[in-house]
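J.: This one is entry_30.cif, mmCIF, C-alpha atoms.
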```cif
data_final
#
loop_
_atom_site.group_PDB
_atom_site.id
_atom_site.type_symbol
_atom_site.label_atom_id
_atom_site.label_comp_id
_atom_site.auth_asym_id
_atom_site.auth_seq_id
_atom_site.Cartn_x
_atom_site.Cartn_y
_atom_site.Cartn_z
ATOM 1 C CA MET V 1 79.825 223.042 42.903
ATOM 2 C CA SER V 2 80.859 222.133 46.439
ATOM 3 C CA GLU V 3 84.285 220.722 47.231
ATOM 4 C CA GLU V 4 82.515 217.579 48.455
ATOM 5 C CA LEU V 5 80.982 217.010 45.006
ATOM 6 C CA PHE V 6 84.328 217.715 43.354
ATOM 7 C CA PHE V 7 86.080 215.025 45.382
ATOM 8 C CA GLN V 8 83.223 212.611 44.723
ATOM 9 C CA LEU V 9 83.845 213.061 40.998
ATOM 10 C CA LEU V 10 87.583 212.514 41.534
ATOM 11 C CA ASP V 11 86.945 209.353 43.534
ATOM 12 C CA ARG V 12 84.683 207.975 40.807
ATOM 13 C CA ALA V 13 87.254 208.871 38.148
ATOM 14 C CA GLN V 14 90.031 207.141 40.088
ATOM 15 C CA GLU V 15 87.884 204.035 40.460
ATOM 16 C CA CYS V 16 87.382 203.998 36.680
ATOM 17 C CA PHE V 17 91.114 204.415 36.138
ATOM 18 C CA ALA V 18 91.952 201.599 38.558
ATOM 19 C CA SER V 19 89.525 199.291 36.744
ATOM 20 C CA GLY V 20 91.088 200.093 33.346
ATOM 21 C CA ASP V 21 88.241 202.314 32.100
ATOM 22 C CA LEU V 22 90.427 205.172 30.857
ATOM 23 C CA GLU V 23 87.707 206.849 28.803
ATOM 24 C CA GLY V 24 85.349 206.871 31.779
ATOM 25 C CA ALA V 25 88.079 208.266 34.036
ATOM 26 C CA LEU V 26 88.948 210.988 31.527
ATOM 27 C CA GLN V 27 85.321 212.037 31.149
ATOM 28 C CA LEU V 28 84.877 212.409 34.918
ATOM 29 C CA PHE V 29 88.158 214.310 35.406
ATOM 30 C CA VAL V 30 87.201 216.722 32.611
ATOM 31 C CA GLU V 31 83.753 217.188 34.176
ATOM 32 C CA ALA V 32 85.353 217.915 37.544
ATOM 33 C CA GLU V 33 87.710 220.465 35.992
ATOM 34 C CA LYS V 34 84.941 222.298 34.117
ATOM 35 C CA SER V 35 82.687 222.415 37.174
ATOM 36 C CA ALA V 36 85.445 223.697 39.444
ATOM 37 C CA ARG V 37 86.557 226.259 36.859
ATOM 38 C CA SER V 38 83.005 227.591 36.499
ATOM 39 C CA GLU V 39 82.910 228.173 40.263
ATOM 40 C CA GLU V 40 86.354 229.841 40.139
ATOM 41 C CA LEU V 41 87.849 227.068 42.245
ATOM 42 C CA HIS V 42 91.004 227.296 40.209
ATOM 43 C CA ASP V 43 93.333 225.179 42.351
ATOM 44 C CA LEU V 44 90.835 222.319 42.323
ATOM 45 C CA ALA V 45 90.296 222.761 38.599
ATOM 46 C CA ASP V 46 94.065 222.572 38.011
ATOM 47 C CA ARG V 47 94.219 219.411 40.108
ATOM 48 C CA ALA V 48 91.568 217.781 37.910
ATOM 49 C CA LEU V 49 93.382 219.023 34.784
ATOM 50 C CA CYS V 50 96.547 217.269 35.952
ATOM 51 C CA ASN V 51 94.625 214.060 36.509
ATOM 52 C CA ALA V 52 92.988 214.281 33.093
ATOM 53 C CA SER V 53 96.370 214.910 31.472
ATOM 54 C CA PHE V 54 97.844 211.834 33.130
ATOM 55 C CA VAL V 55 95.043 209.707 31.689
ATOM 56 C CA ARG V 56 95.629 211.143 28.214
ATOM 57 C CA ILE V 57 99.346 210.323 28.548
ATOM 58 C CA GLU V 58 98.405 206.748 29.462
ATOM 59 C CA MET V 59 96.254 206.694 26.335
ATOM 60 C CA GLY V 60 99.237 207.584 24.151
ATOM 61 C CA ARG V 61 98.665 211.336 23.797
ATOM 62 C CA ALA V 62 101.839 212.434 25.579
ATOM 63 C CA GLU V 63 103.077 214.965 23.049
ATOM 64 C CA THR V 64 99.919 217.080 23.093
ATOM 65 C CA GLU V 65 99.807 217.207 26.899
ATOM 66 C CA ILE V 66 103.280 218.641 27.507
ATOM 67 C CA PRO V 67 102.479 222.274 26.486
ATOM 68 C CA ARG V 68 99.285 222.257 28.574
ATOM 69 C CA LEU V 69 101.135 220.963 31.629
ATOM 70 C CA ARG V 70 104.058 223.367 31.150
ATOM 71 C CA GLN V 71 101.623 226.282 31.090
ATOM 72 C CA LEU V 72 100.010 225.084 34.319
ATOM 73 C CA PHE V 73 103.407 224.588 35.969
ATOM 74 C CA MET V 74 104.472 228.152 35.117
ATOM 75 C CA SER V 75 101.183 229.861 35.931
ATOM 76 C CA THR V 76 100.284 228.461 39.358
ATOM 77 C CA SER V 77 101.873 228.941 42.764
ATOM 78 C CA HIS V 78 100.009 225.940 44.194
ATOM 79 C CA THR V 79 102.782 223.557 45.249
ATOM 80 C CA ARG V 80 100.821 220.314 44.923
ATOM 81 C CA ASN V 81 99.606 221.188 41.443
ATOM 82 C CA ARG V 82 103.086 222.253 40.308
ATOM 83 C CA CYS V 83 104.405 218.960 41.655
ATOM 84 C CA SER V 84 101.723 216.980 39.809
ATOM 85 C CA ALA V 85 102.280 218.894 36.582
ATOM 86 C CA ALA V 86 106.028 218.203 36.721
ATOM 87 C CA TYR V 87 105.368 214.521 37.477
ATOM 88 C CA ASN V 88 103.056 214.250 34.479
ATOM 89 C CA ILE V 89 105.500 216.028 32.162
ATOM 90 C CA ALA V 90 108.127 213.490 33.248
ATOM 91 C CA ALA V 91 105.662 210.682 32.523
ATOM 92 C CA ALA V 92 105.016 212.160 29.082
ATOM 93 C CA TYR V 93 108.724 212.277 28.247
ATOM 94 C CA ILE V 94 109.102 208.672 29.451
ATOM 95 C CA ASN V 95 106.303 207.785 27.046
ATOM 96 C CA LEU V 96 108.191 209.589 24.274
ATOM 97 C CA GLY V 97 111.491 207.893 25.148
ATOM 98 C CA ASP V 98 113.349 211.051 26.224
ATOM 99 C CA LEU V 99 114.753 209.931 29.588
ATOM 100 C CA GLU V 100 117.004 212.968 30.112
ATOM 101 C CA LYS V 101 114.084 215.425 29.926
ATOM 102 C CA ALA V 102 111.931 213.027 31.932
ATOM 103 C CA HIS V 103 114.546 212.986 34.679
ATOM 104 C CA GLN V 104 114.805 216.781 34.743
ATOM 105 C CA TRP V 105 111.067 217.137 35.307
ATOM 106 C CA ALA V 106 110.900 214.223 37.745
ATOM 107 C CA THR V 107 113.622 215.894 39.826
ATOM 108 C CA ARG V 108 111.537 219.085 39.956
ATOM 109 C CA SER V 109 108.526 217.021 41.006
ATOM 110 C CA GLY V 110 110.477 215.205 43.717
ATOM 111 C CA ASP V 111 111.831 218.442 45.169
ATOM 112 C CA LEU V 112 108.371 220.030 45.204
ATOM 113 C CA ALA V 113 106.858 216.892 46.721
ATOM 114 C CA GLU V 114 108.945 217.392 49.854
ATOM 115 C CA GLN V 115 106.789 220.481 50.513
ATOM 116 C CA VAL V 116 103.475 218.600 50.078
ATOM 117 C CA ASP V 117 101.745 217.112 53.115
ATOM 118 C CA ASP V 118 100.701 213.934 51.348
ATOM 119 C CA PRO V 119 102.815 210.771 51.732
ATOM 120 C CA ALA V 120 101.499 209.288 48.491
ATOM 121 C CA ILE V 121 102.589 212.353 46.508
ATOM 122 C CA ARG V 122 106.030 212.420 48.162
ATOM 123 C CA ALA V 123 106.556 208.706 47.629
ATOM 124 C CA GLY V 124 105.336 208.678 44.021
ATOM 125 C CA SER V 125 107.313 211.710 42.873
ATOM 126 C CA ASN V 126 110.556 210.667 44.546
ATOM 127 C CA ASN V 127 110.226 207.095 43.314
ATOM 128 C CA GLN V 128 109.723 208.350 39.752
ATOM 129 C CA ALA V 129 112.812 210.590 39.995
ATOM 130 C CA ALA V 130 114.901 207.806 41.528
ATOM 131 C CA THR V 131 113.815 205.225 38.964
ATOM 132 C CA LEU V 132 114.808 207.537 36.119
ATOM 133 C CA ALA V 133 118.109 208.382 37.829
ATOM 134 C CA LEU V 134 118.823 204.651 38.075
ATOM 135 C CA ARG V 135 118.028 204.090 34.392
ATOM 136 C CA LEU V 136 120.530 206.865 33.607
ATOM 137 C CA SER V 137 123.101 205.359 36.014
ATOM 138 C CA HIS V 138 122.982 208.363 38.374
ATOM 139 C CA HIS V 139 123.303 206.100 41.391
ATOM 140 C CA ASP V 140 123.738 208.795 44.058
ATOM 141 C CA LEU V 141 120.568 210.560 42.944
ATOM 142 C CA ALA V 142 118.716 207.248 42.704
ATOM 143 C CA GLU V 143 119.658 206.336 46.272
ATOM 144 C CA GLN V 144 118.575 209.762 47.540
ATOM 145 C CA GLY V 145 115.202 209.477 45.796
ATOM 146 C CA PHE V 146 114.476 205.939 46.959
ATOM 147 C CA ARG V 147 115.348 206.892 50.550
ATOM 148 C CA ARG V 148 112.961 209.847 50.356
ATOM 149 C CA ALA V 149 110.214 207.580 49.023
ATOM 150 C CA LEU V 150 110.800 205.049 51.814
ATOM 151 C CA GLN V 151 110.608 207.797 54.410
ATOM 152 C CA ALA V 152 107.294 209.000 52.977
ATOM 153 C CA LEU V 153 105.832 205.477 53.168
ATOM 154 C CA GLU V 154 107.260 204.635 56.595
ATOM 155 C CA HIS V 155 104.017 205.077 58.549
ATOM 156 C CA GLN V 156 101.572 204.009 55.820
ATOM 157 C CA HIS V 157 99.810 200.778 56.729
ATOM 158 C CA GLU V 158 97.456 200.042 53.827
ATOM 159 C CA ALA V 159 98.365 196.775 52.094
ATOM 160 C CA TYR V 160 99.065 198.412 48.716
ATOM 161 C CA GLN V 161 101.257 201.061 50.386
ATOM 162 C CA GLN V 162 103.256 198.371 52.166
ATOM 163 C CA ALA V 163 103.713 196.538 48.853
ATOM 164 C CA ASN V 164 104.864 199.748 47.192
ATOM 165 C CA ARG V 165 107.304 200.346 50.057
ATOM 166 C CA ALA V 166 108.729 196.862 49.590
ATOM 167 C CA ALA V 167 109.214 197.503 45.865
ATOM 168 C CA VAL V 168 111.077 200.745 46.631
ATOM 169 C CA LEU V 169 113.189 198.904 49.220
ATOM 170 C CA GLY V 170 114.137 196.370 46.546
ATOM 171 C CA ASN V 171 115.107 199.168 44.166
ATOM 172 C CA LEU V 172 117.347 200.659 46.848
ATOM 173 C CA GLY V 173 118.915 197.234 47.308
ATOM 174 C CA TYR V 174 119.697 197.066 43.605
ATOM 175 C CA VAL V 175 121.361 200.507 43.767
ATOM 176 C CA MET V 176 123.572 199.199 46.554
ATOM 177 C CA MET V 177 124.552 196.181 44.458
ATOM 178 C CA CYS V 178 125.582 198.582 41.685
ATOM 179 C CA THR V 179 127.721 200.667 44.036
ATOM 180 C CA GLY V 180 129.888 198.053 45.722
ATOM 181 C CA ARG V 181 127.581 197.161 48.629
ATOM 182 C CA LEU V 182 126.552 193.689 47.498
ATOM 183 C CA SER V 183 125.800 192.085 50.867
ATOM 184 C CA GLU V 184 123.767 195.080 52.063
ATOM 185 C CA GLY V 185 121.899 195.198 48.751
ATOM 186 C CA LEU V 186 121.053 191.495 48.829
ATOM 187 C CA ASP V 187 119.716 191.859 52.388
ATOM 188 C CA LEU V 188 117.376 194.685 51.347
ATOM 189 C CA CYS V 189 116.198 192.781 48.269
ATOM 190 C CA GLU V 190 115.450 189.712 50.393
ATOM 191 C CA GLN V 191 113.452 191.866 52.824
ATOM 192 C CA ALA V 192 111.549 193.248 49.845
ATOM 193 C CA ARG V 193 110.897 189.775 48.436
ATOM 194 C CA SER V 194 109.546 188.529 51.768
ATOM 195 C CA SER V 195 107.133 191.484 52.051
ATOM 196 C CA LEU V 196 105.987 191.210 48.433
ATOM 197 C CA ASP V 197 105.408 187.468 48.733
ATOM 198 C CA GLN V 198 103.398 188.001 51.918
ATOM 199 C CA ALA V 199 101.295 190.582 50.090
ATOM 200 C CA GLY V 200 100.806 188.273 47.098
ATOM 201 C CA ALA V 201 102.211 191.057 44.893
ATOM 202 C CA ASP V 202 103.432 188.906 42.003
ATOM 203 C CA HIS V 203 103.154 191.912 39.678
ATOM 204 C CA LEU V 204 105.874 193.652 41.721
ATOM 205 C CA VAL V 205 108.044 190.784 42.909
ATOM 206 C CA TYR V 206 109.429 189.550 39.591
ATOM 207 C CA GLU V 207 111.694 192.582 39.054
ATOM 208 C CA ASN V 208 112.940 192.091 42.611
ATOM 209 C CA LEU V 209 113.644 188.406 41.843
ATOM 210 C CA GLN V 210 115.576 189.466 38.735
ATOM 211 C CA ASP V 211 117.732 191.733 40.919
ATOM 212 C CA LEU V 212 118.295 188.924 43.415
ATOM 213 C CA CYS V 213 119.347 186.618 40.587
ATOM 214 C CA TYR V 214 121.904 189.210 39.480
ATOM 215 C CA GLY V 215 123.171 189.772 43.015
ATOM 216 C CA TYR V 216 123.494 186.086 43.829
ATOM 217 C CA ILE V 217 125.516 185.538 40.639
ATOM 218 C CA LEU V 218 127.920 188.274 41.758
ATOM 219 C CA ASP V 219 128.084 186.615 45.181
ATOM 220 C CA ASP V 220 128.751 183.194 43.568
ATOM 221 C CA ARG V 221 125.611 181.682 45.086
ATOM 222 C CA LEU V 222 124.415 180.021 41.916
ATOM 223 C CA ASP V 223 121.650 177.823 43.362
ATOM 224 C CA GLN V 224 119.883 180.864 44.835
ATOM 225 C CA ALA V 225 120.534 182.812 41.635
ATOM 226 C CA GLN V 226 118.979 180.125 39.465
ATOM 227 C CA ALA V 227 115.894 179.756 41.673
ATOM 228 C CA CYS V 228 115.287 183.517 41.611
ATOM 229 C CA GLY V 229 115.978 183.820 37.881
ATOM 230 C CA GLU V 230 113.655 180.978 36.884
ATOM 231 C CA ARG V 231 110.785 182.323 38.990
ATOM 232 C CA ALA V 232 111.384 185.856 37.709
ATOM 233 C CA LEU V 233 111.295 184.581 34.120
ATOM 234 C CA ASP V 234 108.028 182.711 34.672
ATOM 235 C CA LEU V 235 106.320 185.719 36.272
ATOM 236 C CA ALA V 236 107.689 188.181 33.699
ATOM 237 C CA GLU V 237 106.260 185.986 30.959
ATOM 238 C CA GLU V 238 102.904 185.888 32.762
ATOM 239 C CA TYR V 239 102.853 189.700 33.006
ATOM 240 C CA GLU V 240 104.316 190.151 29.508
ATOM 241 C CA ASP V 241 107.325 192.170 30.679
ATOM 242 C CA LEU V 242 109.697 191.647 27.776
ATOM 243 C CA GLN V 243 112.600 193.578 29.307
ATOM 244 C CA VAL V 244 112.721 191.412 32.427
ATOM 245 C CA MET V 245 112.308 188.261 30.312
ATOM 246 C CA LYS V 246 115.369 189.231 28.239
ATOM 247 C CA ASN V 247 117.381 190.065 31.340
ATOM 248 C CA CYS V 248 116.554 186.747 32.969
ATOM 249 C CA LEU V 249 117.556 184.746 29.886
ATOM 250 C CA PHE V 250 120.948 186.489 29.876
ATOM 251 C CA LEU V 251 121.395 185.879 33.610
ATOM 252 C CA LEU V 252 120.334 182.229 33.430
ATOM 253 C CA ALA V 253 122.758 181.737 30.538
ATOM 254 C CA GLU V 254 125.533 183.213 32.669
ATOM 255 C CA ILE V 255 124.692 180.835 35.532
ATOM 256 C CA ALA V 256 124.881 177.884 33.138
ATOM 257 C CA VAL V 257 128.266 179.041 31.796
ATOM 258 C CA ARG V 258 129.678 179.371 35.310
ATOM 259 C CA ARG V 259 128.566 175.800 35.962
ATOM 260 C CA GLY V 260 130.209 174.587 32.775
ATOM 261 C CA ASP V 261 126.854 173.698 31.188
ATOM 262 C CA THR V 262 127.285 175.323 27.766
ATOM 263 C CA PHE V 263 124.435 173.273 26.287
ATOM 264 C CA ARG V 264 121.971 174.865 28.705
ATOM 265 C CA ALA V 265 123.553 178.286 28.202
ATOM 266 C CA ARG V 266 123.108 177.978 24.426
ATOM 267 C CA ARG V 267 119.437 177.117 24.925
ATOM 268 C CA PHE V 268 118.818 180.296 26.910
ATOM 269 C CA LEU V 269 120.729 182.410 24.400
ATOM 270 C CA ARG V 270 118.793 180.966 21.461
ATOM 271 C CA GLU V 271 115.551 181.937 23.194
ATOM 272 C CA LEU V 272 116.712 185.541 22.948
ATOM 273 C CA THR V 273 116.202 185.323 19.163
ATOM 274 C CA HIS V 274 112.505 186.061 19.764
ATOM 275 C CA PHE V 275 113.422 189.455 21.223
ATOM 276 C CA TYR V 276 115.943 190.456 18.571
ATOM 277 C CA PRO V 277 114.364 189.411 15.242
ATOM 278 C CA GLU V 278 116.643 191.808 13.344
ATOM 279 C CA ILE V 279 119.696 189.882 14.571
ATOM 280 C CA GLU V 280 120.073 186.219 13.800
ATOM 281 C CA MET V 281 121.323 184.529 16.981
ATOM 282 C CA ASN V 282 123.834 182.427 15.067
ATOM 283 C CA GLU V 283 126.644 180.312 16.472
ATOM 284 C CA GLU V 284 129.191 183.103 16.070
ATOM 285 C CA ILE V 285 127.172 185.492 18.229
ATOM 286 C CA ILE V 286 126.425 182.764 20.763
ATOM 287 C CA GLU V 287 130.149 182.005 21.061
ATOM 288 C CA VAL V 288 130.812 185.683 21.797
ATOM 289 C CA PHE V 289 128.191 185.665 24.558
ATOM 290 C CA LEU V 290 129.563 182.418 25.999
ATOM 291 C CA ALA V 291 132.979 184.060 26.313
ATOM 292 C CA THR V 292 131.552 187.225 27.912
ATOM 293 C CA ASP V 293 130.598 187.874 31.532
ATOM 294 C CA LEU V 294 126.929 188.634 30.910
ATOM 295 C CA THR V 295 126.534 190.418 34.251
ATOM 296 C CA ASP V 296 128.635 193.165 32.630
ATOM 297 C CA VAL V 297 126.376 193.235 29.558
ATOM 298 C CA VAL V 298 122.830 193.043 30.884
ATOM 299 C CA ASN V 299 121.160 196.328 31.886
ATOM 300 C CA LEU V 300 118.487 195.472 34.431
ATOM 301 C CA ARG V 301 116.920 198.937 34.145
ATOM 302 C CA GLY V 302 117.425 199.407 30.400
#
```
Could you spell out this file's structure in structure tokens?

T.:
Amino acid sequence: MSEELFFQLLDRAQECFASGDLEGALQLFVEAEKSARSEELHDLADRALCNASFVRIEMGRAETEIPRLRQLFMSTSHTRNRCSAAYNIAAAYINLGDLEKAHQWATRSGDLAEQVDDPAIRAGSNNQAATLALRLSHHDLAEQGFRRALQALEHQHEAYQQANRAAVLGNLGYVMMCTGRLSEGLDLCEQARSSLDQAGADHLVYENLQDLCYGYILDDRLDQAQACGERALDLAEEYEDLQVMKNCLFLLAEIAVRRGDTFRARRFLRELTHFYPEIEMNEEIIEVFLATDLTDVVNLRG
């Protein structure tokens, strides 16, 4: 099999994946791996194996893929494939809910990515590592990773790459908000929002709007906070992102409390009952929330 045919199979598989046809993508990646392996094109075969493993992880088979990917990581000296294997192992551990192990492997992937001459690989691996660092409150590591990802995307001009860069910029802005640089963080998040709105990237902008809502509350700019929070809530509901919906309800409740509108705050807090069916959102709990600064409670990257 020629390398040209191999990459044709990969392109077809990636088109299937992008369209949501995971089974079709998996079949083509497996075919590409077998064909390359039969021709002793082992680095190409390993590349296809990594792609196939990622699809299986997306299909909920994370646990079975980790040993296969570990073996590849240990057995090859091919930097790109080691980077991809580490990235996929991190993705598998995210799927399994083990963020500490996910972060360890994502860090390996990010470090290896700096040796790969592919901006998409460098950006993706460093963004994954930074996002996990942020979820674990490792803010210094998160900032380092987001800056690496931004650098990788600096000269990429495709629309989707520019949208991804804006999303990373917004994440960096949120890190700054969390580390005492509120004004600087808000500026970056506003730049990100402008770029994402221009790109029509509603699927990326609502998390950014959530962060702006949080930042504007801290800056006591409640009108801007409310506008961002309400739009973030609407878009999160449209895209069925339950975490962002919960965060926005907490933040909107906090805005209402700061305005002295406890009736409105109670309404937002009662809506949270849908997300915590095991806990009855009774008046006693609501009173506790009303007396609490909810910006200290909500975890925007929980």

J.: Go through stretch 49-137 of chain V and flag each residue having an atom no more than 10 Å from stretch 161-164 of chain V; for those, report the closest pair of atoms plus their distance in Å to one decimal, using all atoms listed in the file, ordered by chain and rising number, as a tab-separated table.

T.:
```
residue	atom	partner	partner_atom	distance
V:Pro119	CA	V:Gln161	CA	9.9
V:Ala120	CA	V:Gln161	CA	8.4
V:Ala123	CA	V:Asn164	CA	9.1
V:Gly124	CA	V:Asn164	CA	9.5
V:Asn127	CA	V:Asn164	CA	9.9
```

J.: Which residue, V:Met74, V:Ile66, V:Leu136, V:Cys178, has the smallest gap to V:Leu99 when you use all atoms listed in the file?

T.: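 Closest to V:Leu99, using all atoms listed in the file: V:Leu136.
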
J.: Convert the output of the PyMOL selection byres ((chain V and resi 76-91) around 9) on the shown file into explicit residues, formatted as a PyMOL selection string.

T.: chain V and resi 43-44+46-47+50-51+53-54+57-58+62+65-67+69-75+92-96+99+101-113+115-117+121+124-125+128-129

J.: Applied to the shown file, which residues does the PyMOL selection byres ((chain V and resi 32) around 9) return, written as a ChimeraX atom specification?

T.: /V:5-7,9-10,27-31,33-37,44-45,48-49

J.: Store the residues of this selection in a file with C-alpha atoms, as a short mmCIF file (atom, residue, chain, number, x, y, z; two decimals), keeping the file's coordinate frame.

T.:
```cif
data_model
loop_
_atom_site.label_atom_id
_atom_site.label_comp_id
_atom_site.auth_asym_id
_atom_site.auth_seq_id
_atom_site.Cartn_x
_atom_site.Cartn_y
_atom_site.Cartn_z
CA LEU V 5 80.98 217.01 45.01
CA PHE V 6 84.33 217.72 43.35
CA PHE V 7 86.08 215.02 45.38
CA LEU V 9 83.84 213.06 41.00
CA LEU V 10 87.58 212.51 41.53
CA GLN V 27 85.32 212.04 31.15
CA LEU V 28 84.88 212.41 34.92
CA PHE V 29 88.16 214.31 35.41
CA VAL V 30 87.20 216.72 32.61
CA GLU V 31 83.75 217.19 34.18
CA GLU V 33 87.71 220.46 35.99
CA LYS V 34 84.94 222.30 34.12
CA SER V 35 82.69 222.42 37.17
CA ALA V 36 85.44 223.70 39.44
CA ARG V 37 86.56 226.26 36.86
CA LEU V 44 90.84 222.32 42.32
CA ALA V 45 90.30 222.76 38.60
CA ALA V 48 91.57 217.78 37.91
CA LEU V 49 93.38 219.02 34.78
#
```

J.: Out of V:Gln224, V:Leu251, V:Gly302, V:Cys213, which residue has the shortest atom-to-atom distance to V:Gly97 when counting only C-alpha atoms?

T.: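 Of V:Gln224, V:Leu251, V:Gly302, V:Cys213, the one nearest V:Gly97 is V:Gly302, counting only C-alpha atoms.
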
J.: Starting from 4 Å padding per side, set up an axis-aligned box that covers all listed atoms of stretch 216-223 of chain V and hand over centre and edge lengths in Å, one decimal, as JSON.

T.:
```
{"center_x": 125.2, "center_y": 183.0, "center_z": 42.9, "size_x": 15.1, "size_y": 18.5, "size_z": 12.5}
```

J.: As a check of understanding, name the residues that the PyMOL selection byres ((chain V and resi 287-301) around 9) selects in the supplied structure, as a list in words.

T.: Thr131, Leu134, Arg135, Leu136, Glu207, Gln210, Asp211, Tyr214, Ile217, Leu218, Gln243, Val244, Lys246, Asn247, Phe250, Leu251, Ala253, Glu254, Val257, Thr262, Ala265, Arg266, Leu269, Asn282, Glu283, Glu284, Ile285, Ile286 and Gly302 of chain V

J.: In terms of the shortest atom-to-atom distance over only C-alpha atoms, which of V:Phe17, V:Leu204, V:Ile255, V:Leu150 is closest to V:Asp223?

T.: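 Smallest separation from V:Asp223 among the options: V:Ile255.
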
J.: For atom CA of V:Ala232 and atom CA of V:Met281, quote the distance in Å rounded to one decimal.

T.: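 Calculated distance between atom CA of V:Ala232 and atom CA of V:Met281 is 23.0 Å.
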
J.: Would you compute the distance between atom CA of V:Val175 and atom CA of V:Asp241? Give it in Å to one decimal.

T.: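 So the two atoms, atom CA of V:Val175 and atom CA of V:Asp241, lie 20.9 Å apart.
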
J.: State, in Å with one decimal place, the distance from atom CA of V:Asn126 to atom CA of V:Glu190.

T.: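 Atom-to-atom, atom CA of V:Asn126 to atom CA of V:Glu190, that is 22.3 Å.
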
J.: Identify which of the residues V:Arg122, V:Arg12, V:Arg231, V:Arg181 lies closest to V:Leu252, counting all atoms listed in the file when measuring atom-to-atom distances.

T.: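 For V:Leu252, the nearest of the candidates is V:Arg231.
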
J.: Identify, on the basis of all atoms listed in the file, every residue whose closest approach to V:Leu186 does not exceed 10 Å; exclude the query and any residue fewer than 2 positions from it along the same chain; express the result as a VMD selection string.

T.: chain V and resid 170 173 to 174 176 to 177 181 to 184 188 to 192 211 to 216 219

J.: Which residue gives the smallest distance to V:Leu233 among V:Ala133, V:Ala199, V:Ala256, V:Val205, with all atoms listed in the file counted?

T.: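 Selected residue with least distance to V:Leu233: V:Val205.
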
J.: Go through V:Leu172, V:Glu158, V:Arg221, V:Thr64 one by one, measure the shortest atom-to-atom distance of each to V:His139 using only C-alpha atoms, and give the residue with the smallest value.

T.: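 Of V:Leu172, V:Glu158, V:Arg221, V:Thr64, the one nearest V:His139, counting only C-alpha atoms, is V:Leu172.
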